[in-house]
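Shown next: run_35.csv, given as CSV, C-alpha atoms.
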chain,number,residue,atom,x,y,z
C,29,MET,CA,-8.5,14.7,81.3
C,30,LEU,CA,-6.7,11.5,81.4
C,31,ARG,CA,-10.0,9.7,81.2
C,32,ALA,CA,-10.9,11.7,78.1
C,33,GLY,CA,-7.6,11.0,76.5
C,34,LEU,CA,-7.9,7.3,77.3
C,35,ALA,CA,-11.4,7.2,75.8
C,36,ARG,CA,-10.2,8.9,72.6
C,37,ALA,CA,-7.3,6.4,72.3
C,38,LEU,CA,-9.6,3.5,72.9
C,39,LEU,CA,-12.1,4.9,70.3
C,40,ALA,CA,-9.3,5.4,67.7
C,41,SER,CA,-8.0,1.9,68.3
C,42,LEU,CA,-11.5,0.5,67.8
C,43,CYS,CA,-11.9,2.4,64.6
C,44,VAL,CA,-8.6,1.2,63.2
C,45,LEU,CA,-9.5,-2.3,64.1
C,46,LEU,CA,-12.9,-2.1,62.4
C,47,VAL,CA,-11.3,-0.6,59.3
C,48,MET,CA,-8.7,-3.3,59.2
C,49,LEU,CA,-11.2,-6.1,59.5
C,50,GLY,CA,-13.5,-4.5,57.0
C,51,CYS,CA,-10.8,-4.0,54.4
C,52,GLY,CA,-9.9,-7.1,52.4
C,53,ARG,CA,-8.6,-7.6,48.9
C,54,ALA,CA,-10.6,-6.0,46.2
C,55,THR,CA,-11.5,-9.4,44.7
C,56,ASP,CA,-12.9,-10.5,48.1
C,57,ARG,CA,-15.3,-7.6,48.4
C,58,PRO,CA,-18.9,-8.0,47.1
C,59,LEU,CA,-19.7,-6.3,43.8
C,60,ARG,CA,-22.5,-3.7,43.7
C,61,GLY,CA,-24.2,-4.7,46.9
C,62,ALA,CA,-23.8,-8.5,46.6
C,63,ALA,CA,-25.0,-10.2,49.7
C,64,PRO,CA,-22.3,-11.8,51.9
C,65,GLY,CA,-21.9,-15.5,51.3
C,66,THR,CA,-23.1,-15.4,47.7
C,67,GLU,CA,-21.0,-17.1,45.0
C,68,PRO,CA,-18.4,-15.0,43.2
C,69,PRO,CA,-18.6,-14.6,39.4
C,70,ALA,CA,-17.6,-17.6,37.3
C,71,THR,CA,-14.4,-16.1,36.1
C,72,ALA,CA,-12.6,-14.9,39.2
C,73,GLY,CA,-10.4,-11.9,38.7
C,74,LEU,CA,-12.2,-10.6,35.6
C,75,PRO,CA,-14.8,-7.8,35.8
C,76,PRO,CA,-18.3,-9.0,34.7
C,77,THR,CA,-18.0,-7.0,31.4
C,78,LEU,CA,-14.9,-8.9,30.3
C,79,GLN,CA,-16.3,-12.4,30.1
C,80,PRO,CA,-14.6,-14.6,27.5
C,81,SER,CA,-16.5,-15.0,24.3
C,82,ASP,CA,-16.5,-18.0,21.9
C,83,ALA,CA,-17.0,-15.6,19.0
C,84,LEU,CA,-13.5,-14.2,19.6
C,85,ARG,CA,-11.6,-17.5,19.8
C,86,PHE,CA,-9.5,-18.7,16.9
C,87,ARG,CA,-10.8,-21.7,15.0
C,88,PRO,CA,-8.9,-23.7,12.4
C,89,LEU,CA,-10.2,-23.3,8.9
C,90,PRO,CA,-11.0,-26.4,6.8
C,91,SER,CA,-8.3,-27.2,4.3
C,92,PRO,CA,-8.7,-26.8,1.5
C,93,SER,CA,-11.1,-23.9,1.8
C,94,PRO,CA,-14.8,-24.8,1.1
C,95,GLY,CA,-15.7,-24.1,-2.6
C,96,VAL,CA,-12.1,-24.1,-3.8
C,97,ASN,CA,-10.9,-27.0,-5.9
C,98,ALA,CA,-7.5,-28.3,-4.8
C,99,SER,CA,-6.5,-29.5,-8.2
C,100,PRO,CA,-5.8,-26.9,-11.0
C,101,SER,CA,-8.5,-26.7,-13.6
C,102,PRO,CA,-8.0,-25.9,-17.2
C,103,SER,CA,-9.7,-22.5,-16.8
C,104,ALA,CA,-9.0,-19.5,-18.9
C,105,SER,CA,-5.9,-17.7,-17.8
C,106,PRO,CA,-6.2,-14.0,-16.7
C,107,ALA,CA,-6.0,-11.5,-19.5
C,108,PRO,CA,-2.4,-10.6,-20.3
C,109,LEU,CA,-1.3,-7.2,-19.0
C,110,ALA,CA,-0.2,-4.7,-21.7
C,111,PRO,CA,3.4,-3.7,-21.9
C,112,ILE,CA,4.1,-0.3,-20.4
C,113,VAL,CA,6.2,2.7,-21.2
C,114,ARG,CA,8.0,3.4,-17.9
C,115,THR,CA,10.3,6.4,-18.6
C,116,ILE,CA,10.3,9.0,-21.3
C,117,ASP,CA,12.7,11.7,-22.4
C,118,PRO,CA,12.3,14.7,-22.9
C,119,PRO,CA,9.6,14.8,-20.3
C,120,ASN,CA,6.0,15.5,-21.3
C,121,GLY,CA,5.6,19.3,-21.7
C,122,GLY,CA,9.4,19.6,-21.6
C,123,LYS,CA,11.4,22.2,-23.4
C,124,ALA,CA,14.8,21.8,-25.2
C,125,ALA,CA,17.1,24.4,-26.8
C,126,PRO,CA,17.1,24.6,-30.6
C,127,GLY,CA,20.2,23.6,-32.5
C,128,ALA,CA,21.5,21.1,-30.0
C,129,PRO,CA,20.9,17.3,-30.5
C,130,VAL,CA,17.8,16.1,-28.7
C,131,THR,CA,17.5,12.5,-27.5
C,132,VAL,CA,14.0,11.2,-27.6
C,133,SER,CA,13.8,7.9,-25.6
C,134,ALA,CA,11.5,5.6,-23.7
C,135,VAL,CA,12.0,2.5,-21.5
C,136,LEU,CA,9.6,-0.3,-22.3
C,137,VAL,CA,8.6,-3.1,-20.0
C,138,GLY,CA,6.7,-6.3,-20.8
C,139,ARG,CA,4.6,-7.3,-17.8
C,140,THR,CA,3.3,-10.7,-18.7
C,141,ALA,CA,5.3,-11.7,-21.8
C,142,ASP,CA,8.6,-10.9,-23.5
C,143,LEU,CA,8.7,-7.9,-25.8
C,144,ALA,CA,8.4,-8.6,-29.5
C,145,SER,CA,8.6,-5.2,-31.3
C,146,ALA,CA,8.7,-1.5,-30.7
C,147,SER,CA,8.5,1.7,-32.7
C,148,LEU,CA,9.2,5.4,-32.1
C,149,THR,CA,7.8,8.3,-34.2
C,150,VAL,CA,8.1,12.0,-33.9
C,151,ASN,CA,5.3,14.1,-35.5
C,152,ASN,CA,4.1,10.8,-37.1
C,153,ALA,CA,7.4,10.3,-38.9
C,154,ASP,CA,9.6,7.3,-38.4
C,155,VAL,CA,12.9,8.6,-36.9
C,156,GLY,CA,15.0,5.4,-37.3
C,157,ALA,CA,15.1,4.7,-33.6
C,158,GLN,CA,17.5,2.1,-32.1
C,159,VAL,CA,16.4,-0.5,-29.6
C,160,ASP,CA,18.7,-1.6,-26.7
C,161,LYS,CA,17.5,-4.9,-25.2
C,162,ARG,CA,18.5,-5.0,-21.6
C,163,THR,CA,16.4,-8.1,-21.0
C,164,THR,CA,13.7,-9.9,-22.9
C,165,ARG,CA,11.1,-7.8,-21.0
C,166,GLU,CA,12.9,-4.5,-20.7
C,167,TRP,CA,14.0,-2.5,-23.7
C,168,THR,CA,15.1,1.1,-24.4
C,169,ILE,CA,14.1,2.7,-27.7
C,170,HIS,CA,15.9,6.0,-28.6
C,171,THR,CA,17.0,8.4,-31.3
C,172,THR,CA,19.2,11.5,-31.2
C,173,GLN,CA,18.5,14.3,-33.7
C,174,ALA,CA,18.9,18.1,-34.0
C,175,LEU,CA,15.4,19.3,-34.3
C,176,PRO,CA,14.4,22.8,-35.4
C,177,ALA,CA,12.3,25.0,-33.1
C,178,GLY,CA,8.7,23.9,-32.9
C,179,HIS,CA,6.1,21.8,-31.1
C,180,TYR,CA,6.7,18.0,-31.2
C,181,THR,CA,4.6,14.9,-30.5
C,182,ALA,CA,6.5,11.6,-29.8
C,183,ARG,CA,4.7,8.3,-29.9
C,184,VAL,CA,6.0,4.9,-28.7
C,185,LEU,CA,4.2,1.7,-29.6
C,186,VAL,CA,5.2,-1.7,-28.2
C,187,VAL,CA,3.9,-5.3,-28.7
C,188,ASP,CA,4.8,-8.3,-26.6
C,189,LYS,CA,5.0,-11.9,-27.8
C,190,SER,CA,1.4,-12.6,-26.8
C,191,GLY,CA,0.3,-9.9,-29.2
C,192,THR,CA,-0.7,-7.5,-26.5
C,193,ARG,CA,-0.1,-3.9,-27.5
C,194,GLY,CA,0.9,-0.9,-25.3
C,195,GLY,CA,2.2,2.6,-25.9
C,196,PHE,CA,2.4,6.2,-24.9
C,197,THR,CA,2.2,9.6,-26.6
C,198,TRP,CA,3.8,12.8,-25.2
C,199,GLN,CA,4.6,16.3,-26.3
C,200,PHE,CA,7.6,18.6,-26.0
C,201,ASP,CA,8.9,21.9,-27.4
C,202,ILE,CA,12.1,23.0,-29.0
C,203,ALA,CA,12.4,26.7,-28.2
C,204,ALA,CA,14.8,29.2,-26.8
C,205,ALA,CA,14.4,29.7,-23.0
C,206,ASP,CA,12.8,33.2,-23.5
C,207,GLU,CA,10.6,32.2,-26.5
C,208,ALA,CA,7.0,30.9,-26.2
C,209,PRO,CA,6.5,27.6,-27.9
C,210,SER,CA,4.9,27.7,-31.4
C,211,GLU,CA,1.6,26.0,-31.7
Structure encoded using structure tokens:
Amino acid sequence: MLRAGLARALLASLCVLLVMLGCGRATDRPLRGAAPGTEPPATAGLPPTLQPSDALRFRPLPSPSPGVNASPSPSASPAPLAPIVRTIDPPNGGKAAPGAPVTVSAVLVGRTADLASASLTVNNADVGAQVDKRTTREWTIHTTQALPAGHYTARVLVVDKSGTRGGFTWQFDIAAADEAPSE
């Protein structure tokens, strides 16, 4: 029995020794059956699928960019953007109570030039609106009136100093809360 135990211990030691000699670092082992003594891949430490590519490297661009003239040319300037109506009151489709004064107003914004003129009409009638000029490119046009019950259309027109026109039309109703608006 001692002999059998000694033989087992010797066999186990031999197996451990073979395993230790056969195990090296992962980068020292051959890839997919490579023959011992062959040259490792050109980029040690990278799997063969992750080879560096020249297509992915950053390259400086020529300055100035090809096809672009570095000096400003007397080309036509872009078309001016029309002034816009940014905020309206009452809101489109809104409802106000009859008998109480209603303020109809709009905030106007010149996008590429200073504002020159503005008008506000209600049901195609001039309402004598006032203009508050916050800046040369932002104005508020408004009027406050007691309007009888009915359906109303407000229209704002605005012109900037380059002659570009803008505007907005919206509708609102003056009716009691339980009444349907008249058409």
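Nearest to Trp167 (chain C) of all the residues C:Val150, C:Val132, C:Leu42, C:Val113 is C:Val113, based on only C-alpha atoms.
Residues within 10 Å of Phe196 (chain C), counting only C-alpha atoms and excluding same-chain residues fewer than 3 positions away, are Ile112, Val113, Arg114, Ile116, Ala134, Leu148, Ala182, Arg183, Val184, Leu185 and Val186 of chain C.
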Go through C:Thr115, C:Val135, C:Thr192, C:Thr197 and flag the residue nearest Asn152 (chain C), using all atoms listed in the file for the distances.
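Using all atoms listed in the file, Asn152 (chain C) sits closest to C:Thr197.
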Between CA of Thr131 (chain C) and CA of Pro118 (chain C), what is the distance in Å, rounded to a tenth?
7.3 Å
From the list C:Leu34, C:Ala146, C:Ala153, C:Ala110, which residue is nearest Thr181 (chain C) when using all atoms listed in the file?
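Going through C:Leu34, C:Ala146, C:Ala153, C:Ala110 one by one, the smallest distance to Thr181 (chain C) is for C:Ala153.
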List the neighbours of Arg162 (chain C) out to 12 Å using all atoms listed in the file; skip same-chain residues closer than 5 positions along the sequence, and give me the result as a short mmCIF file (atom, residue, chain, number, x, y, z; two decimals) with C-alpha atoms, keeping the file's coordinate frame.
data_model
loop_
_atom_site.label_atom_id
_atom_site.label_comp_id
_atom_site.auth_asym_id
_atom_site.auth_seq_id
_atom_site.Cartn_x
_atom_site.Cartn_y
_atom_site.Cartn_z
CA VAL C 135 12.00 2.50 -21.50
CA LEU C 136 9.60 -0.30 -22.30
CA VAL C 137 8.60 -3.10 -20.00
CA GLY C 138 6.70 -6.30 -20.80
CA ASP C 142 8.60 -10.90 -23.50
CA LEU C 143 8.70 -7.90 -25.80
CA TRP C 167 14.00 -2.50 -23.70
CA THR C 168 15.10 1.10 -24.40
CA ILE C 169 14.10 2.70 -27.70
#
Separation of CA of Ala141 (chain C) and CA of Lys161 (chain C), in Å?
14.4 Å
Once you've located region 111-132 of chain C in the structure I gave, write it as an mmCIF file, in the first residue's frame, keeping N, CA and C atoms.
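So decode-v1.cif came out as:
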data_model
loop_
_atom_site.group_PDB
_atom_site.id
_atom_site.type_symbol
_atom_site.label_atom_id
_atom_site.label_comp_id
_atom_site.auth_asym_id
_atom_site.auth_seq_id
_atom_site.Cartn_x
_atom_site.Cartn_y
_atom_site.Cartn_z
ATOM 1 N N PRO C 111 -39.166 89.852 -39.870
ATOM 2 C CA PRO C 111 -39.442 90.035 -38.447
ATOM 3 C C PRO C 111 -40.537 89.068 -38.012
ATOM 4 N N ILE C 112 -40.528 88.696 -36.738
ATOM 5 C CA ILE C 112 -41.500 87.730 -36.247
ATOM 6 C C ILE C 112 -42.362 88.317 -35.143
ATOM 7 N N VAL C 113 -43.532 87.726 -34.971
ATOM 8 C CA VAL C 113 -44.429 88.043 -33.859
ATOM 9 C C VAL C 113 -44.217 86.927 -32.848
ATOM 10 N N ARG C 114 -43.613 87.263 -31.713
ATOM 11 C CA ARG C 114 -43.205 86.234 -30.757
ATOM 12 C C ARG C 114 -44.297 85.870 -29.765
ATOM 13 N N THR C 115 -45.012 86.826 -29.225
ATOM 14 C CA THR C 115 -45.999 86.560 -28.185
ATOM 15 C C THR C 115 -47.270 87.329 -28.497
ATOM 16 N N ILE C 116 -48.441 86.669 -28.362
ATOM 17 C CA ILE C 116 -49.720 87.341 -28.610
ATOM 18 C C ILE C 116 -50.610 87.208 -27.380
ATOM 19 N N ASP C 117 -51.543 88.166 -27.256
ATOM 20 C CA ASP C 117 -52.516 88.126 -26.177
ATOM 21 C C ASP C 117 -53.774 88.813 -26.653
ATOM 22 N N PRO C 118 -54.959 88.304 -26.474
ATOM 23 C CA PRO C 118 -55.279 86.994 -25.933
ATOM 24 C C PRO C 118 -54.742 85.897 -26.845
ATOM 25 N N PRO C 119 -54.602 84.680 -26.318
ATOM 26 C CA PRO C 119 -54.054 83.600 -27.138
ATOM 27 C C PRO C 119 -54.978 83.240 -28.289
ATOM 28 N N ASN C 120 -54.429 82.621 -29.312
ATOM 29 C CA ASN C 120 -55.218 82.182 -30.457
ATOM 30 C C ASN C 120 -56.275 81.199 -29.972
ATOM 31 N N GLY C 121 -57.547 81.460 -30.310
ATOM 32 C CA GLY C 121 -58.650 80.616 -29.860
ATOM 33 C C GLY C 121 -59.070 80.897 -28.434
ATOM 34 N N GLY C 122 -58.509 81.952 -27.821
ATOM 35 C CA GLY C 122 -58.818 82.269 -26.434
ATOM 36 C C GLY C 122 -60.201 82.867 -26.277
ATOM 37 N N LYS C 123 -60.642 82.945 -25.028
ATOM 38 C CA LYS C 123 -61.955 83.486 -24.716
ATOM 39 C C LYS C 123 -61.807 84.493 -23.587
ATOM 40 N N ALA C 124 -62.500 85.643 -23.720
ATOM 41 C CA ALA C 124 -62.484 86.673 -22.679
ATOM 42 C C ALA C 124 -63.926 87.000 -22.320
ATOM 43 N N ALA C 125 -64.115 87.528 -21.125
ATOM 44 C CA ALA C 125 -65.463 87.871 -20.644
ATOM 45 C C ALA C 125 -65.906 89.197 -21.253
ATOM 46 N N PRO C 126 -67.199 89.332 -21.586
ATOM 47 C CA PRO C 126 -67.690 90.594 -22.152
ATOM 48 C C PRO C 126 -67.758 91.681 -21.084
ATOM 49 N N GLY C 127 -67.658 92.921 -21.514
ATOM 50 C CA GLY C 127 -67.774 94.060 -20.608
ATOM 51 C C GLY C 127 -66.467 94.493 -19.984
ATOM 52 N N ALA C 128 -65.550 93.582 -19.758
ATOM 53 C CA ALA C 128 -64.260 93.935 -19.147
ATOM 54 C C ALA C 128 -63.300 94.385 -20.245
ATOM 55 N N PRO C 129 -62.411 95.320 -19.931
ATOM 56 C CA PRO C 129 -61.427 95.731 -20.936
ATOM 57 C C PRO C 129 -60.533 94.549 -21.336
ATOM 58 N N VAL C 130 -60.285 94.447 -22.630
ATOM 59 C CA VAL C 130 -59.448 93.377 -23.171
ATOM 60 C C VAL C 130 -58.202 94.015 -23.766
ATOM 61 N N THR C 131 -57.039 93.490 -23.383
ATOM 62 C CA THR C 131 -55.784 93.973 -23.961
ATOM 63 C C THR C 131 -55.387 93.034 -25.087
ATOM 64 N N VAL C 132 -55.260 93.605 -26.289
ATOM 65 C CA VAL C 132 -54.786 92.865 -27.454
ATOM 66 C C VAL C 132 -53.356 93.334 -27.681
#
